[in-house]
$ cat coords_24.cif   # mmCIF, N, CA and C atoms
data_final
#
loop_
_atom_site.label_atom_id
_atom_site.label_comp_id
_atom_site.auth_asym_id
_atom_site.auth_seq_id
_atom_site.Cartn_x
_atom_site.Cartn_y
_atom_site.Cartn_z
N MET H 8 226.83 185.87 19.17
CA MET H 8 225.48 185.43 18.87
C MET H 8 224.61 185.61 20.11
N GLU H 9 223.40 186.10 19.86
CA GLU H 9 222.49 186.38 20.97
C GLU H 9 221.75 185.12 21.42
N ASP H 10 221.07 185.23 22.53
CA ASP H 10 220.34 184.12 23.14
C ASP H 10 219.25 183.59 22.20
N GLN H 11 218.98 182.28 22.32
CA GLN H 11 218.00 181.58 21.50
C GLN H 11 216.64 182.28 21.40
N ASN H 12 216.13 182.75 22.52
CA ASN H 12 214.75 183.24 22.52
C ASN H 12 214.63 184.75 22.39
N GLU H 13 215.75 185.43 22.32
CA GLU H 13 215.67 186.88 22.22
C GLU H 13 215.55 187.32 20.78
N LEU H 14 214.88 188.44 20.63
CA LEU H 14 214.78 189.07 19.31
C LEU H 14 215.37 190.47 19.42
N PRO H 15 215.90 190.99 18.32
CA PRO H 15 216.36 192.38 18.38
C PRO H 15 215.19 193.30 18.67
N ALA H 16 215.45 194.42 19.31
CA ALA H 16 214.39 195.37 19.66
C ALA H 16 213.64 195.84 18.42
N ASN H 17 214.34 195.93 17.29
CA ASN H 17 213.73 196.41 16.05
C ASN H 17 213.34 195.26 15.12
N TYR H 18 213.00 194.10 15.69
CA TYR H 18 212.67 192.92 14.89
C TYR H 18 211.58 193.20 13.84
N GLU H 19 210.49 193.84 14.26
CA GLU H 19 209.38 194.08 13.31
C GLU H 19 209.83 194.92 12.12
N GLN H 20 210.63 195.98 12.39
CA GLN H 20 211.14 196.82 11.30
C GLN H 20 212.09 196.02 10.40
N LEU H 21 212.92 195.18 10.99
CA LEU H 21 213.84 194.36 10.20
C LEU H 21 213.07 193.36 9.35
N LYS H 22 212.02 192.78 9.92
CA LYS H 22 211.20 191.82 9.16
C LYS H 22 210.55 192.52 7.96
N ILE H 23 210.03 193.73 8.18
CA ILE H 23 209.43 194.51 7.09
C ILE H 23 210.49 194.83 6.03
N ALA H 24 211.67 195.28 6.47
CA ALA H 24 212.75 195.61 5.54
C ALA H 24 213.20 194.38 4.76
N ALA H 25 213.24 193.24 5.41
CA ALA H 25 213.66 192.00 4.75
C ALA H 25 212.71 191.60 3.63
N ASN H 26 211.48 192.06 3.71
CA ASN H 26 210.47 191.70 2.70
C ASN H 26 210.11 192.85 1.76
N ARG H 27 210.85 193.96 1.85
CA ARG H 27 210.56 195.12 1.00
C ARG H 27 210.99 194.82 -0.44
N THR H 28 210.03 194.67 -1.32
CA THR H 28 210.34 194.21 -2.68
C THR H 28 211.08 195.25 -3.52
N SER H 29 210.96 196.52 -3.18
CA SER H 29 211.55 197.53 -4.05
C SER H 29 212.92 198.01 -3.61
N ASN H 30 213.56 197.31 -2.66
CA ASN H 30 214.88 197.76 -2.24
C ASN H 30 215.75 196.59 -1.78
N TRP H 31 216.53 196.05 -2.70
CA TRP H 31 217.35 194.88 -2.37
C TRP H 31 218.43 195.22 -1.35
N ARG H 32 218.91 196.47 -1.33
CA ARG H 32 219.94 196.85 -0.36
C ARG H 32 219.37 196.81 1.07
N GLU H 33 218.12 197.24 1.23
CA GLU H 33 217.47 197.16 2.55
C GLU H 33 217.26 195.71 2.97
N ARG H 34 216.89 194.86 2.01
CA ARG H 34 216.72 193.44 2.33
C ARG H 34 218.05 192.84 2.77
N LEU H 35 219.11 193.18 2.05
CA LEU H 35 220.43 192.66 2.39
C LEU H 35 220.86 193.10 3.79
N GLU H 36 220.66 194.37 4.10
CA GLU H 36 221.02 194.90 5.42
C GLU H 36 220.19 194.22 6.51
N ALA H 37 218.90 194.02 6.26
CA ALA H 37 218.03 193.36 7.24
C ALA H 37 218.49 191.92 7.48
N VAL H 38 218.87 191.22 6.40
CA VAL H 38 219.37 189.85 6.53
C VAL H 38 220.63 189.84 7.40
N GLU H 39 221.54 190.78 7.15
CA GLU H 39 222.77 190.85 7.94
C GLU H 39 222.46 191.04 9.43
N GLN H 40 221.53 191.94 9.72
CA GLN H 40 221.19 192.20 11.13
C GLN H 40 220.43 191.04 11.77
N LEU H 41 219.45 190.49 11.05
CA LEU H 41 218.68 189.37 11.60
C LEU H 41 219.56 188.15 11.85
N GLY H 42 220.61 188.00 11.04
CA GLY H 42 221.51 186.86 11.17
C GLY H 42 222.34 186.87 12.44
N GLN H 43 222.24 187.93 13.22
CA GLN H 43 222.97 188.01 14.48
C GLN H 43 222.14 187.48 15.65
N TRP H 44 220.90 187.09 15.36
CA TRP H 44 219.99 186.63 16.42
C TRP H 44 219.46 185.25 16.04
N LYS H 45 219.63 184.30 16.91
CA LYS H 45 219.13 182.95 16.64
C LYS H 45 217.83 182.73 17.39
N SER H 46 216.73 182.75 16.63
CA SER H 46 215.41 182.43 17.18
C SER H 46 214.59 181.84 16.04
N LYS H 47 213.49 181.22 16.38
CA LYS H 47 212.64 180.63 15.35
C LYS H 47 212.21 181.71 14.34
N GLN H 48 211.85 182.90 14.85
CA GLN H 48 211.37 183.96 13.97
C GLN H 48 212.46 184.44 13.00
N THR H 49 213.67 184.68 13.51
CA THR H 49 214.72 185.18 12.61
C THR H 49 215.11 184.11 11.60
N ILE H 50 215.15 182.85 12.04
CA ILE H 50 215.49 181.76 11.12
C ILE H 50 214.42 181.62 10.04
N ASP H 51 213.14 181.79 10.41
CA ASP H 51 212.06 181.74 9.42
C ASP H 51 212.22 182.84 8.37
N VAL H 52 212.51 184.07 8.81
CA VAL H 52 212.67 185.19 7.87
C VAL H 52 213.87 184.94 6.96
N LEU H 53 214.98 184.51 7.54
CA LEU H 53 216.19 184.25 6.76
C LEU H 53 215.97 183.11 5.75
N THR H 54 215.27 182.07 6.17
CA THR H 54 214.99 180.95 5.28
C THR H 54 214.13 181.41 4.11
N HIS H 55 213.12 182.24 4.40
CA HIS H 55 212.26 182.77 3.34
C HIS H 55 213.08 183.59 2.33
N ARG H 56 213.94 184.46 2.82
CA ARG H 56 214.80 185.27 1.94
C ARG H 56 215.70 184.38 1.11
N MET H 57 216.29 183.38 1.74
CA MET H 57 217.21 182.48 1.03
C MET H 57 216.48 181.76 -0.12
N ASN H 58 215.28 181.33 0.13
CA ASN H 58 214.55 180.54 -0.87
C ASN H 58 213.78 181.37 -1.88
N ASN H 59 213.47 182.63 -1.55
CA ASN H 59 212.54 183.38 -2.40
C ASN H 59 213.02 184.72 -2.92
N ASP H 60 214.19 185.19 -2.51
CA ASP H 60 214.60 186.51 -2.97
C ASP H 60 214.97 186.46 -4.45
N ASP H 61 214.65 187.54 -5.16
CA ASP H 61 214.97 187.62 -6.59
C ASP H 61 216.40 188.06 -6.84
N VAL H 62 217.09 188.56 -5.81
CA VAL H 62 218.47 189.00 -5.96
C VAL H 62 219.37 187.95 -5.29
N TYR H 63 220.22 187.34 -6.09
CA TYR H 63 221.04 186.23 -5.60
C TYR H 63 221.95 186.64 -4.45
N GLN H 64 222.42 187.87 -4.46
CA GLN H 64 223.28 188.37 -3.39
C GLN H 64 222.56 188.30 -2.04
N VAL H 65 221.27 188.61 -2.03
CA VAL H 65 220.46 188.53 -0.80
C VAL H 65 220.26 187.06 -0.40
N GLN H 66 220.00 186.21 -1.39
CA GLN H 66 219.86 184.77 -1.11
C GLN H 66 221.13 184.22 -0.47
N MET H 67 222.28 184.58 -1.03
CA MET H 67 223.55 184.09 -0.51
C MET H 67 223.81 184.59 0.91
N ALA H 68 223.50 185.85 1.17
CA ALA H 68 223.70 186.41 2.51
C ALA H 68 222.84 185.67 3.53
N ALA H 69 221.58 185.39 3.18
CA ALA H 69 220.68 184.66 4.07
C ALA H 69 221.22 183.24 4.30
N PHE H 70 221.67 182.60 3.24
CA PHE H 70 222.25 181.26 3.34
C PHE H 70 223.44 181.27 4.30
N ASN H 71 224.36 182.24 4.13
CA ASN H 71 225.55 182.32 4.98
C ASN H 71 225.18 182.55 6.44
N LYS H 72 224.20 183.44 6.68
CA LYS H 72 223.77 183.70 8.07
C LYS H 72 223.15 182.44 8.69
N LEU H 73 222.35 181.72 7.92
CA LEU H 73 221.74 180.49 8.43
C LEU H 73 222.80 179.44 8.77
N LYS H 74 223.82 179.34 7.92
CA LYS H 74 224.93 178.41 8.18
C LYS H 74 225.64 178.81 9.48
N GLU H 75 225.91 180.13 9.63
CA GLU H 75 226.56 180.62 10.85
C GLU H 75 225.74 180.30 12.10
N LEU H 76 224.41 180.29 11.95
CA LEU H 76 223.52 179.98 13.07
C LEU H 76 223.38 178.48 13.30
N GLY H 77 224.10 177.70 12.48
CA GLY H 77 224.09 176.25 12.66
C GLY H 77 222.96 175.52 11.95
N GLU H 78 222.27 176.20 11.05
CA GLU H 78 221.16 175.57 10.33
C GLU H 78 221.70 174.71 9.18
N ASP H 79 221.02 173.60 8.92
CA ASP H 79 221.38 172.70 7.82
C ASP H 79 220.58 173.14 6.59
N VAL H 80 221.17 173.98 5.76
CA VAL H 80 220.45 174.54 4.61
C VAL H 80 221.26 174.34 3.33
N GLN H 81 220.55 174.36 2.22
CA GLN H 81 221.16 174.27 0.89
C GLN H 81 220.89 175.56 0.14
N LEU H 82 221.92 176.10 -0.48
CA LEU H 82 221.75 177.31 -1.28
C LEU H 82 220.99 176.97 -2.56
N PRO H 83 219.88 177.66 -2.83
CA PRO H 83 219.14 177.39 -4.07
C PRO H 83 220.01 177.76 -5.28
N PRO H 84 219.79 177.10 -6.41
CA PRO H 84 220.56 177.45 -7.61
C PRO H 84 220.22 178.86 -8.08
N ARG H 85 221.18 179.51 -8.68
CA ARG H 85 220.99 180.86 -9.19
C ARG H 85 220.09 180.81 -10.42
N LYS H 86 219.11 181.72 -10.47
CA LYS H 86 218.25 181.80 -11.64
C LYS H 86 219.08 182.31 -12.81
N THR H 87 218.95 181.65 -13.95
CA THR H 87 219.74 182.08 -15.10
C THR H 87 218.87 182.68 -16.21
N VAL H 88 217.60 182.40 -16.19
CA VAL H 88 216.70 182.98 -17.20
C VAL H 88 216.06 184.25 -16.65
N GLU H 89 214.85 184.53 -17.06
CA GLU H 89 214.15 185.72 -16.59
C GLU H 89 214.00 185.71 -15.07
N LEU H 90 214.42 186.78 -14.44
CA LEU H 90 214.24 186.90 -13.00
C LEU H 90 212.77 187.15 -12.69
N ILE H 91 212.11 187.90 -13.57
CA ILE H 91 210.69 188.21 -13.41
C ILE H 91 210.00 187.77 -14.69
N LYS H 92 209.03 186.88 -14.55
CA LYS H 92 208.30 186.36 -15.71
C LYS H 92 207.62 187.50 -16.46
N GLY H 93 207.80 187.53 -17.77
CA GLY H 93 207.15 188.52 -18.61
C GLY H 93 207.75 189.91 -18.56
N VAL H 94 209.00 190.01 -18.10
CA VAL H 94 209.62 191.33 -17.95
C VAL H 94 209.72 192.07 -19.29
N ASN H 95 209.97 191.34 -20.37
CA ASN H 95 210.09 192.01 -21.67
C ASN H 95 208.79 192.68 -22.09
N LYS H 96 207.66 192.07 -21.77
CA LYS H 96 206.36 192.69 -22.10
C LYS H 96 206.22 194.02 -21.36
N VAL H 97 206.62 194.04 -20.10
CA VAL H 97 206.55 195.27 -19.30
C VAL H 97 207.47 196.33 -19.90
N LEU H 98 208.68 195.94 -20.25
CA LEU H 98 209.65 196.89 -20.82
C LEU H 98 209.16 197.44 -22.16
N ILE H 99 208.55 196.58 -22.97
CA ILE H 99 208.01 197.04 -24.26
C ILE H 99 206.88 198.05 -24.03
N ARG H 100 206.00 197.77 -23.05
CA ARG H 100 204.91 198.71 -22.75
C ARG H 100 205.46 200.07 -22.34
N ILE H 101 206.50 200.06 -21.52
CA ILE H 101 207.11 201.32 -21.08
C ILE H 101 207.72 202.05 -22.27
N LYS H 102 208.42 201.30 -23.11
CA LYS H 102 209.05 201.92 -24.30
C LYS H 102 207.99 202.52 -25.22
N LYS H 103 206.89 201.79 -25.42
CA LYS H 103 205.80 202.27 -26.29
C LYS H 103 205.13 203.51 -25.72
N SER H 104 205.15 203.67 -24.40
CA SER H 104 204.48 204.80 -23.76
C SER H 104 205.27 206.11 -23.92
N LEU H 105 206.50 206.00 -24.36
CA LEU H 105 207.36 207.18 -24.55
C LEU H 105 207.31 207.64 -26.00
N PRO H 106 207.67 208.91 -26.27
CA PRO H 106 207.73 209.38 -27.66
C PRO H 106 208.70 208.51 -28.47
N LYS H 107 208.44 208.41 -29.77
CA LYS H 107 209.25 207.56 -30.65
C LYS H 107 210.75 207.84 -30.56
N ASP H 108 211.11 209.11 -30.41
CA ASP H 108 212.54 209.49 -30.41
C ASP H 108 213.09 209.67 -29.00
N HIS H 109 212.52 208.98 -28.02
CA HIS H 109 212.99 209.12 -26.63
C HIS H 109 214.41 208.57 -26.47
N SER H 110 215.07 209.01 -25.42
CA SER H 110 216.44 208.56 -25.15
C SER H 110 216.41 207.38 -24.19
N TYR H 111 217.53 206.70 -24.11
CA TYR H 111 217.69 205.60 -23.14
C TYR H 111 217.47 206.13 -21.72
N GLU H 112 218.01 207.33 -21.42
CA GLU H 112 217.86 207.90 -20.07
C GLU H 112 216.38 208.12 -19.72
N GLU H 113 215.60 208.60 -20.69
CA GLU H 113 214.16 208.80 -20.45
C GLU H 113 213.48 207.45 -20.14
N PHE H 114 213.88 206.42 -20.89
CA PHE H 114 213.34 205.08 -20.66
C PHE H 114 213.70 204.59 -19.26
N LYS H 115 214.95 204.77 -18.88
CA LYS H 115 215.44 204.31 -17.58
C LYS H 115 214.68 205.00 -16.44
N VAL H 116 214.47 206.32 -16.57
CA VAL H 116 213.75 207.09 -15.55
C VAL H 116 212.31 206.60 -15.44
N LYS H 117 211.66 206.38 -16.59
CA LYS H 117 210.26 205.94 -16.57
C LYS H 117 210.14 204.53 -15.99
N LEU H 118 211.07 203.66 -16.32
CA LEU H 118 211.07 202.31 -15.73
C LEU H 118 211.17 202.39 -14.22
N LYS H 119 212.07 203.24 -13.73
CA LYS H 119 212.27 203.36 -12.28
C LYS H 119 211.01 203.92 -11.62
N LYS H 120 210.34 204.86 -12.29
CA LYS H 120 209.11 205.45 -11.74
C LYS H 120 207.96 204.46 -11.75
N MET H 121 207.80 203.76 -12.88
CA MET H 121 206.64 202.88 -13.05
C MET H 121 206.80 201.53 -12.37
N ARG H 122 208.00 200.96 -12.45
CA ARG H 122 208.21 199.61 -11.93
C ARG H 122 209.52 199.53 -11.15
N LEU H 123 209.52 200.19 -10.00
CA LEU H 123 210.71 200.20 -9.15
C LEU H 123 211.11 198.78 -8.75
N ASP H 124 210.13 197.88 -8.61
CA ASP H 124 210.44 196.49 -8.25
C ASP H 124 211.34 195.84 -9.30
N ILE H 125 210.97 195.98 -10.57
CA ILE H 125 211.76 195.41 -11.66
C ILE H 125 213.14 196.08 -11.71
N TYR H 126 213.14 197.39 -11.67
CA TYR H 126 214.39 198.16 -11.72
C TYR H 126 215.33 197.68 -10.61
N ASP H 127 214.80 197.58 -9.41
CA ASP H 127 215.60 197.23 -8.24
C ASP H 127 216.15 195.81 -8.32
N ILE H 128 215.33 194.86 -8.71
CA ILE H 128 215.77 193.46 -8.79
C ILE H 128 216.88 193.31 -9.81
N TYR H 129 216.68 193.88 -11.00
CA TYR H 129 217.70 193.74 -12.03
C TYR H 129 218.97 194.53 -11.69
N GLU H 130 218.81 195.67 -11.06
CA GLU H 130 219.98 196.44 -10.64
C GLU H 130 220.79 195.63 -9.61
N GLY H 131 220.10 195.02 -8.66
CA GLY H 131 220.77 194.20 -7.65
C GLY H 131 221.42 192.97 -8.24
N GLU H 132 220.77 192.36 -9.19
CA GLU H 132 221.29 191.13 -9.79
C GLU H 132 222.41 191.40 -10.79
N ARG H 133 222.30 192.47 -11.55
CA ARG H 133 223.29 192.77 -12.60
C ARG H 133 224.49 193.55 -12.08
N GLY H 134 224.31 194.26 -10.97
CA GLY H 134 225.42 195.02 -10.38
C GLY H 134 225.98 196.06 -11.35
N ALA H 135 227.29 196.05 -11.52
CA ALA H 135 227.96 197.05 -12.35
C ALA H 135 227.55 196.95 -13.83
N ASP H 136 227.02 195.80 -14.25
CA ASP H 136 226.61 195.62 -15.65
C ASP H 136 225.17 196.04 -15.91
N PHE H 137 224.50 196.57 -14.89
CA PHE H 137 223.08 196.90 -15.02
C PHE H 137 222.80 197.86 -16.17
N ASP H 138 223.50 199.00 -16.20
CA ASP H 138 223.24 200.00 -17.24
C ASP H 138 223.49 199.43 -18.64
N GLN H 139 224.58 198.72 -18.78
CA GLN H 139 224.90 198.12 -20.09
C GLN H 139 223.80 197.14 -20.50
N TRP H 140 223.35 196.31 -19.56
CA TRP H 140 222.29 195.34 -19.84
C TRP H 140 220.98 196.06 -20.20
N LEU H 141 220.60 197.06 -19.39
CA LEU H 141 219.33 197.75 -19.62
C LEU H 141 219.35 198.48 -20.95
N GLU H 142 220.45 199.14 -21.25
CA GLU H 142 220.52 199.88 -22.52
C GLU H 142 220.45 198.93 -23.72
N SER H 143 221.16 197.81 -23.65
CA SER H 143 221.11 196.88 -24.79
C SER H 143 219.73 196.24 -24.90
N THR H 144 219.09 195.97 -23.74
CA THR H 144 217.73 195.43 -23.78
C THR H 144 216.77 196.46 -24.38
N TRP H 145 216.89 197.72 -23.94
CA TRP H 145 216.05 198.80 -24.45
C TRP H 145 216.21 198.93 -25.97
N SER H 146 217.44 198.92 -26.45
CA SER H 146 217.65 199.13 -27.89
C SER H 146 217.15 197.94 -28.71
N SER H 147 217.06 196.76 -28.08
CA SER H 147 216.62 195.58 -28.84
C SER H 147 215.11 195.36 -28.77
N LEU H 148 214.40 196.13 -27.91
CA LEU H 148 212.96 195.94 -27.78
C LEU H 148 212.22 196.41 -29.03
N SER H 149 211.38 195.55 -29.53
CA SER H 149 210.56 195.91 -30.70
C SER H 149 209.30 196.62 -30.21
N THR H 150 208.95 197.70 -30.87
CA THR H 150 207.72 198.41 -30.47
C THR H 150 206.65 198.29 -31.55
N ARG H 151 206.80 197.33 -32.41
CA ARG H 151 205.80 197.11 -33.45
C ARG H 151 204.55 196.49 -32.89
#

$ encode --input "coords_24.cif" --output "structure tokens"
Amino acid sequence: MEDQNELPANYEQLKIAANRTSNWRERLEAVEQLGQWKSKQTIDVLTHRMNNDDVYQVQMAAFNKLKELGEDVQLPPRKTVELIKGVNKVLIRIKKSLPKDHSYEEFKVKLKKMRLDIYDIYEGERGADFDQWLESTWSSLSTR
């Protein structure tokens, strides 16, 4: 563990990466790196990620790093309902914007292009089940 008042040389880049909404893997990596430095700034960034990240894996990593740094923190409960409010409306809009006979792959590509934030959060949260979840959600969306 590094000195109390020191920051990593790339602190600003790590802080930006920790808050990048469209890439949960970058946020996770930034949390891992920031967790090696104990300072008010790194603890603030880690606390924010722990309390506000949409991907539980990132929240847990921030929680673990804060614990390792000796902080008295509580892991927030895992969200079990919609990760993003109104996500179905967005998905329906994307589905409606495609030709009637479009494929699941076309839908997936358009979602990633139009709303990388949604794609990224659900991919991070669902992990290996992401494709199965997205395809079943796509097939159940009403376009009436």

$ resolve_selection --input "coords_24.cif" --expression "the PyMOL selection byres ((chain H and resi 35-38) around 7)" --output "JSON, numbers by chain"
{"H": [21, 22, 24, 25, 30, 31, 32, 33, 34, 39, 40, 41, 42, 43, 53, 64, 65, 68, 69, 72]}

$ residues_around --input "coords_24.cif" --residues "Glu78 of chain H" --least-positions-apart "3" --cutoff "12 Å" --atoms "only C-alpha atoms" --output "list in words"
Gly42, Lys45, Ser46, Lys47, Thr49, Ile50, Asp51, Leu53, Thr54, Ala69, Phe70, Asn71, Lys72, Leu73, Lys74, Glu75, Gln81 and Leu82 of chain H

$ atom_distance --input "coords_24.cif" --atom1 "atom C of Glu112 of chain H" --atom2 "atom C of Trp145 of chain H"
11.1 Å

$ resolve_selection --input "coords_24.cif" --expression "the PyMOL selection byres ((chain H and resi 128) around 8)" --output "list of chain:residue names"
H:Thr28, H:Ser29, H:Asn30, H:Trp31, H:Asp61, H:Val62, H:Tyr63, H:Leu90, H:Arg122, H:Leu123, H:Asp124, H:Ile125, H:Tyr126, H:Asp127, H:Tyr129, H:Glu130, H:Gly131, H:Glu132, H:Arg133, H:Gly134

$ axis_aligned_box --input "coords_24.cif" --around "segment 134-146 of chain H" --padding-each-side "5 Å" --output "JSON"
{"center_x": 222.0, "center_y": 197.1, "center_z": -19.5, "size_x": 21.9, "size_y": 15.7, "size_z": 28.3}

$ residues_near_point --input "coords_24.cif" --point "(206.9, 192.1, -23.8)" --cutoff "12 Å" --atoms "only C-alpha atoms" --output "number ranges by chain"
H: 91-103, 144-145, 147-151

$ atom_distance --input "coords_24.cif" --atom1 "atom CA of Asn17 of chain H" --atom2 "atom CA of Gln66 of chain H"
21.6 Å

$ atom_distance --input "coords_24.cif" --atom1 "atom N of His109 of chain H" --atom2 "atom CA of Glu89 of chain H"
26.0 Å

$ decode --input "coords_24.cif" --residues "segment 83-136 of chain H" --atoms "C-alpha atoms" --output "short mmCIF file (atom, residue, chain, number, x, y, z; two decimals), in the first residue's frame"
data_model
loop_
_atom_site.label_atom_id
_atom_site.label_comp_id
_atom_site.auth_asym_id
_atom_site.auth_seq_id
_atom_site.Cartn_x
_atom_site.Cartn_y
_atom_site.Cartn_z
CA PRO H 83 -25.04 -1.74 -1.11
CA PRO H 84 -27.68 -4.37 -1.91
CA ARG H 85 -27.68 -5.74 -5.43
CA LYS H 86 -30.32 -4.23 -7.71
CA THR H 87 -32.79 -6.93 -8.67
CA VAL H 88 -35.23 -5.01 -10.85
CA GLU H 89 -34.46 -2.75 -13.81
CA LEU H 90 -30.85 -1.63 -13.77
CA ILE H 91 -31.82 1.34 -15.95
CA LYS H 92 -35.25 2.89 -15.52
CA GLY H 93 -37.35 2.63 -18.67
CA VAL H 94 -34.97 0.28 -20.47
CA ASN H 95 -37.84 -1.61 -22.12
CA LYS H 96 -39.11 1.58 -23.77
CA VAL H 97 -35.64 2.15 -25.25
CA LEU H 98 -35.43 -1.45 -26.47
CA ILE H 99 -38.89 -1.24 -28.04
CA ARG H 100 -37.90 1.98 -29.86
CA ILE H 101 -34.79 0.28 -31.24
CA LYS H 102 -36.79 -2.78 -32.31
CA LYS H 103 -39.41 -0.56 -34.02
CA SER H 104 -36.66 1.30 -35.89
CA LEU H 105 -35.59 -1.91 -37.64
CA PRO H 106 -37.39 -3.67 -40.53
CA LYS H 107 -40.22 -5.96 -39.40
CA ASP H 108 -38.29 -9.13 -40.32
CA HIS H 109 -34.97 -8.10 -38.72
CA SER H 110 -32.83 -10.67 -36.93
CA TYR H 111 -31.77 -10.73 -33.29
CA GLU H 112 -28.17 -10.01 -34.43
CA GLU H 113 -29.31 -6.85 -36.25
CA PHE H 114 -31.12 -5.74 -33.09
CA LYS H 115 -28.06 -6.44 -30.94
CA VAL H 116 -25.77 -4.46 -33.28
CA LYS H 117 -28.16 -1.49 -33.37
CA LEU H 118 -28.52 -1.50 -29.57
CA LYS H 119 -24.74 -1.45 -29.19
CA LYS H 120 -24.46 1.42 -31.71
CA MET H 121 -27.31 3.51 -30.34
CA ARG H 122 -27.07 2.86 -26.60
CA LEU H 123 -23.64 1.52 -25.70
CA ASP H 124 -24.31 2.52 -22.07
CA ILE H 125 -27.29 0.16 -21.80
CA TYR H 126 -25.52 -2.60 -23.72
CA ASP H 127 -22.44 -2.31 -21.52
CA ILE H 128 -24.26 -2.24 -18.17
CA TYR H 129 -26.41 -5.25 -18.96
CA GLU H 130 -23.49 -7.15 -20.48
CA GLY H 131 -21.46 -6.50 -17.31
CA GLU H 132 -24.31 -7.42 -15.01
CA ARG H 133 -25.55 -10.50 -16.90
CA GLY H 134 -22.13 -11.90 -17.79
CA ALA H 135 -22.33 -15.21 -19.66
CA ASP H 136 -26.16 -15.02 -19.67
#
